[in-house]
>>> print(open('coords_29.pdb').read())   # PDB, C-alpha atoms, pLDDT in the B column
MODEL        1
ATOM      1  CA  MET A   1     -10.110  81.170 -27.208  1.00 57.00           C
ATOM      2  CA  ASN A   2     -10.177  77.684 -28.741  1.00 64.00           C
ATOM      3  CA  LYS A   3      -8.590  75.121 -26.497  1.00 80.00           C
ATOM      4  CA  GLU A   4      -7.044  72.037 -27.998  1.00 77.00           C
ATOM      5  CA  VAL A   5      -7.324  68.764 -26.138  1.00 78.00           C
ATOM      6  CA  TYR A   6      -4.613  66.245 -26.869  1.00 75.00           C
ATOM      7  CA  ASN A   7      -2.083  63.831 -25.453  1.00 78.00           C
ATOM      8  CA  ALA A   8       1.651  63.786 -26.011  1.00 81.00           C
ATOM      9  CA  LYS A   9       2.243  62.535 -29.529  1.00 85.00           C
ATOM     10  CA  VAL A  10       3.970  59.201 -29.903  1.00 84.00           C
ATOM     11  CA  ASP A  11       6.431  59.552 -32.747  1.00 84.00           C
ATOM     12  CA  VAL A  12       6.460  56.942 -35.469  1.00 84.00           C
ATOM     13  CA  PRO A  13       9.126  56.380 -38.107  1.00 79.00           C
ATOM     14  CA  SER A  14       8.597  58.406 -41.251  1.00 81.00           C
ATOM     15  CA  ASN A  15       9.783  56.083 -43.959  1.00 79.00           C
ATOM     16  CA  THR A  16       8.162  53.932 -46.616  1.00 82.00           C
ATOM     17  CA  SER A  17       7.374  51.098 -44.175  1.00 86.00           C
ATOM     18  CA  MET A  18       4.030  50.871 -42.444  1.00 91.00           C
ATOM     19  CA  ASN A  19       4.086  52.085 -38.839  1.00 90.00           C
ATOM     20  CA  ASP A  20       1.598  51.874 -35.976  1.00 92.00           C
ATOM     21  CA  LEU A  21      -0.159  55.073 -37.029  1.00 92.00           C
ATOM     22  CA  ASN A  22      -0.539  53.801 -40.604  1.00 93.00           C
ATOM     23  CA  TYR A  23      -1.928  50.456 -39.425  1.00 94.00           C
ATOM     24  CA  LEU A  24      -4.392  51.980 -36.980  1.00 94.00           C
ATOM     25  CA  THR A  25      -5.541  54.605 -39.480  1.00 93.00           C
ATOM     26  CA  ASP A  26      -6.163  51.872 -42.041  1.00 95.00           C
ATOM     27  CA  ILE A  27      -7.972  49.644 -39.555  1.00 96.00           C
ATOM     28  CA  GLU A  28     -10.073  52.517 -38.260  1.00 94.00           C
ATOM     29  CA  GLY A  29     -11.113  53.480 -41.785  1.00 95.00           C
ATOM     30  CA  THR A  30     -12.089  49.894 -42.510  1.00 96.00           C
ATOM     31  CA  VAL A  31     -14.096  49.636 -39.288  1.00 96.00           C
ATOM     32  CA  LYS A  32     -15.870  52.934 -40.023  1.00 95.00           C
ATOM     33  CA  GLY A  33     -16.858  51.530 -43.413  1.00 96.00           C
ATOM     34  CA  MET A  34     -18.165  48.395 -41.725  1.00 97.00           C
ATOM     35  CA  VAL A  35     -20.218  50.533 -39.302  1.00 96.00           C
ATOM     36  CA  ASN A  36     -21.825  52.278 -42.290  1.00 96.00           C
ATOM     37  CA  ASN A  37     -22.544  48.992 -44.061  1.00 97.00           C
ATOM     38  CA  TYR A  38     -24.068  47.363 -40.993  1.00 97.00           C
ATOM     39  CA  SER A  39     -26.166  50.476 -40.450  1.00 96.00           C
ATOM     40  CA  TYR A  40     -27.604  50.029 -43.952  1.00 96.00           C
ATOM     41  CA  ALA A  41     -28.173  46.333 -43.259  1.00 96.00           C
ATOM     42  CA  LEU A  42     -30.100  47.182 -40.079  1.00 96.00           C
ATOM     43  CA  ASN A  43     -32.351  49.491 -42.065  1.00 96.00           C
ATOM     44  CA  GLU A  44     -33.034  46.806 -44.664  1.00 95.00           C
ATOM     45  CA  ALA A  45     -33.460  43.730 -42.441  1.00 95.00           C
ATOM     46  CA  SER A  46     -37.036  42.478 -42.612  1.00 93.00           C
ATOM     47  CA  ASN A  47     -36.576  39.374 -40.462  1.00 96.00           C
ATOM     48  CA  ILE A  48     -36.421  40.110 -36.705  1.00 97.00           C
ATOM     49  CA  GLN A  49     -33.966  37.297 -35.924  1.00 97.00           C
ATOM     50  CA  PHE A  50     -31.648  38.463 -38.688  1.00 96.00           C
ATOM     51  CA  TYR A  51     -32.048  42.042 -37.470  1.00 97.00           C
ATOM     52  CA  GLN A  52     -31.001  41.032 -33.937  1.00 97.00           C
ATOM     53  CA  VAL A  53     -27.873  39.264 -35.236  1.00 97.00           C
ATOM     54  CA  ILE A  54     -26.910  42.283 -37.339  1.00 97.00           C
ATOM     55  CA  LYS A  55     -27.617  44.619 -34.427  1.00 97.00           C
ATOM     56  CA  GLY A  56     -25.275  42.644 -32.158  1.00 98.00           C
ATOM     57  CA  ILE A  57     -22.494  42.769 -34.741  1.00 97.00           C
ATOM     58  CA  PHE A  58     -23.157  46.476 -35.309  1.00 97.00           C
ATOM     59  CA  GLU A  59     -22.830  47.196 -31.585  1.00 98.00           C
ATOM     60  CA  ASP A  60     -19.563  45.221 -31.438  1.00 97.00           C
ATOM     61  CA  ILE A  61     -18.130  47.064 -34.416  1.00 97.00           C
ATOM     62  CA  THR A  62     -19.108  50.518 -33.131  1.00 97.00           C
ATOM     63  CA  SER A  63     -17.501  49.647 -29.804  1.00 97.00           C
ATOM     64  CA  MET A  64     -14.370  48.510 -31.661  1.00 96.00           C
ATOM     65  CA  GLN A  65     -14.271  51.774 -33.611  1.00 95.00           C
ATOM     66  CA  ARG A  66     -14.498  53.768 -30.376  1.00 95.00           C
ATOM     67  CA  THR A  67     -11.684  51.697 -28.850  1.00 96.00           C
ATOM     68  CA  LEU A  68      -9.509  52.424 -31.891  1.00 95.00           C
ATOM     69  CA  TYR A  69     -10.280  56.145 -31.634  1.00 94.00           C
ATOM     70  CA  ASP A  70      -9.443  56.144 -27.908  1.00 94.00           C
ATOM     71  CA  LEU A  71      -6.150  54.355 -28.570  1.00 95.00           C
ATOM     72  CA  MET A  72      -5.200  56.816 -31.295  1.00 94.00           C
ATOM     73  CA  PHE A  73      -6.169  59.760 -29.079  1.00 93.00           C
ATOM     74  CA  GLN A  74      -4.030  58.360 -26.234  1.00 93.00           C
ATOM     75  CA  GLN A  75      -1.103  58.172 -28.643  1.00 93.00           C
ATOM     76  CA  GLY A  76      -1.552  61.848 -29.506  1.00 91.00           C
ATOM     77  CA  TRP A  77      -2.592  61.127 -33.091  1.00 90.00           C
ATOM     78  CA  TYR A  78      -5.905  62.962 -32.712  1.00 86.00           C
ATOM     79  CA  ILE A  79      -6.219  66.541 -31.540  1.00 84.00           C
ATOM     80  CA  ILE A  80      -9.682  67.767 -30.707  1.00 85.00           C
ATOM     81  CA  GLU A  81     -10.906  71.235 -29.955  1.00 84.00           C
ATOM     82  CA  GLU A  82     -12.731  71.931 -26.733  1.00 84.00           C
ATOM     83  CA  ALA A  83     -16.159  73.222 -27.641  1.00 82.00           C
ATOM     84  CA  ASP A  84     -17.323  76.570 -26.377  1.00 85.00           C
ATOM     85  CA  LYS A  85     -20.138  75.930 -23.883  1.00 88.00           C
ATOM     86  CA  ASN A  86     -22.281  78.687 -25.377  1.00 90.00           C
ATOM     87  CA  LYS A  87     -21.999  77.161 -28.856  1.00 87.00           C
ATOM     88  CA  VAL A  88     -22.927  73.741 -27.479  1.00 88.00           C
ATOM     89  CA  THR A  89     -25.975  75.203 -25.723  1.00 92.00           C
ATOM     90  CA  GLN A  90     -26.946  77.069 -28.892  1.00 92.00           C
ATOM     91  CA  LYS A  91     -26.706  73.924 -31.051  1.00 90.00           C
ATOM     92  CA  TYR A  92     -28.598  71.897 -28.440  1.00 91.00           C
ATOM     93  CA  ASN A  93     -31.428  74.440 -28.371  1.00 91.00           C
ATOM     94  CA  GLN A  94     -31.480  74.592 -32.169  1.00 92.00           C
ATOM     95  CA  TYR A  95     -31.754  70.785 -32.344  1.00 90.00           C
ATOM     96  CA  ASN A  96     -34.532  70.720 -29.740  1.00 90.00           C
ATOM     97  CA  ASN A  97     -36.476  73.389 -31.612  1.00 88.00           C
ATOM     98  CA  GLN A  98     -36.204  71.457 -34.870  1.00 88.00           C
ATOM     99  CA  THR A  99     -37.225  68.227 -33.137  1.00 85.00           C
ATOM    100  CA  ASN A 100     -40.237  69.888 -31.523  1.00 85.00           C
ATOM    101  CA  GLU A 101     -41.319  71.288 -34.901  1.00 83.00           C
ATOM    102  CA  MET A 102     -41.424  67.750 -36.308  1.00 79.00           C
ATOM    103  CA  VAL A 103     -43.782  66.489 -33.622  1.00 70.00           C
TER     104      VAL A 103
ENDMDL
END
>>> encode(input="coords_29.pdb", output="structure tokens")
Amino acid sequence: MNKEVYNAKVDVPSNTSMNDLNYLTDIEGTVKGMVNNYSYALNEASNIQFYQVIKGIFEDITSMQRTLYDLMFQQGWYIIEEADKNKVTQKYNQYNNQTNEMV
């Protein structure tokens, strides 16, 4: 019932040298770490001008991370599973109920 969504995988050499997949995986991991760090910085910034600068960098980095993900998906290096619509609706309703309880 689960449907996988993927592109044709681009093969890379499997030897001890770095290949495109290795480089992109490393870069993506670094960028994800930067996203986390800038998120913390946004939470801690007390000066509005500083906050705006950090926010701009954060938005650039999150966009960069998405671009890296898209590139890796296009190369067939990510396989995702198509979500069951009923499960999505169930999770959405669960989230809405929890949100409404907090208000």
>>> closest_residue(input="coords_29.pdb", among="A:Tyr95, A:Phe50, A:Phe58, A:Tyr78", to="Tyr38 of chain A", atoms="only C-alpha atoms")
A:Phe58
>>> closest_residue(input="coords_29.pdb", among="A:Glu81, A:Ser39, A:Ala8, A:Val31", to="Tyr51 of chain A", atoms="only C-alpha atoms")
A:Ser39
>>> resolve_selection(input="coords_29.pdb", expression="the PyMOL selection byres ((chain A and resi 54) around 12)", output="NGL selection string")
:A and (34-35 or 37-53 or 55-61)
>>> atom_distance(input="coords_29.pdb", atom1="atom CA of Tyr23 of chain A", atom2="atom CA of Met72 of chain A")
10.8 Å
>>> resolve_selection(input="coords_29.pdb", expression="the PyMOL selection byres ((chain A and resi 25) around 12)", output="list in words")
Met18, Asn19, Asp20, Leu21, Asn22, Tyr23, Leu24, Asp26, Ile27, Glu28, Gly29, Thr30, Val31, Lys32, Gln65, Leu68, Tyr69, Leu71, Met72, Phe73, Trp77 and Tyr78 of chain A
>>> atom_distance(input="coords_29.pdb", atom1="atom CA of Met102 of chain A", atom2="atom CA of Val88 of chain A")
21.4 Å
>>> atom_distance(input="coords_29.pdb", atom1="atom CA of Asn97 of chain A", atom2="atom CA of Thr62 of chain A")
28.8 Å
>>> closest_residue(input="coords_29.pdb", among="A:Gln74, A:Gln94, A:Thr89, A:Thr99", to="Asn7 of chain A", atoms="only C-alpha atoms")
A:Gln74
>>> axis_aligned_box(input="coords_29.pdb", around="segment 21-27 of chain A", padding_each_side="6 Å", output="JSON")
{"center_x": -4.1, "center_y": 52.4, "center_z": -39.5, "size_x": 19.8, "size_y": 17.4, "size_z": 17.1}
>>> closest_residue(input="coords_29.pdb", among="A:Lys3, A:Gly33, A:Ser17, A:Gln98", to="Lys85 of chain A", atoms="only C-alpha atoms")
A:Lys3
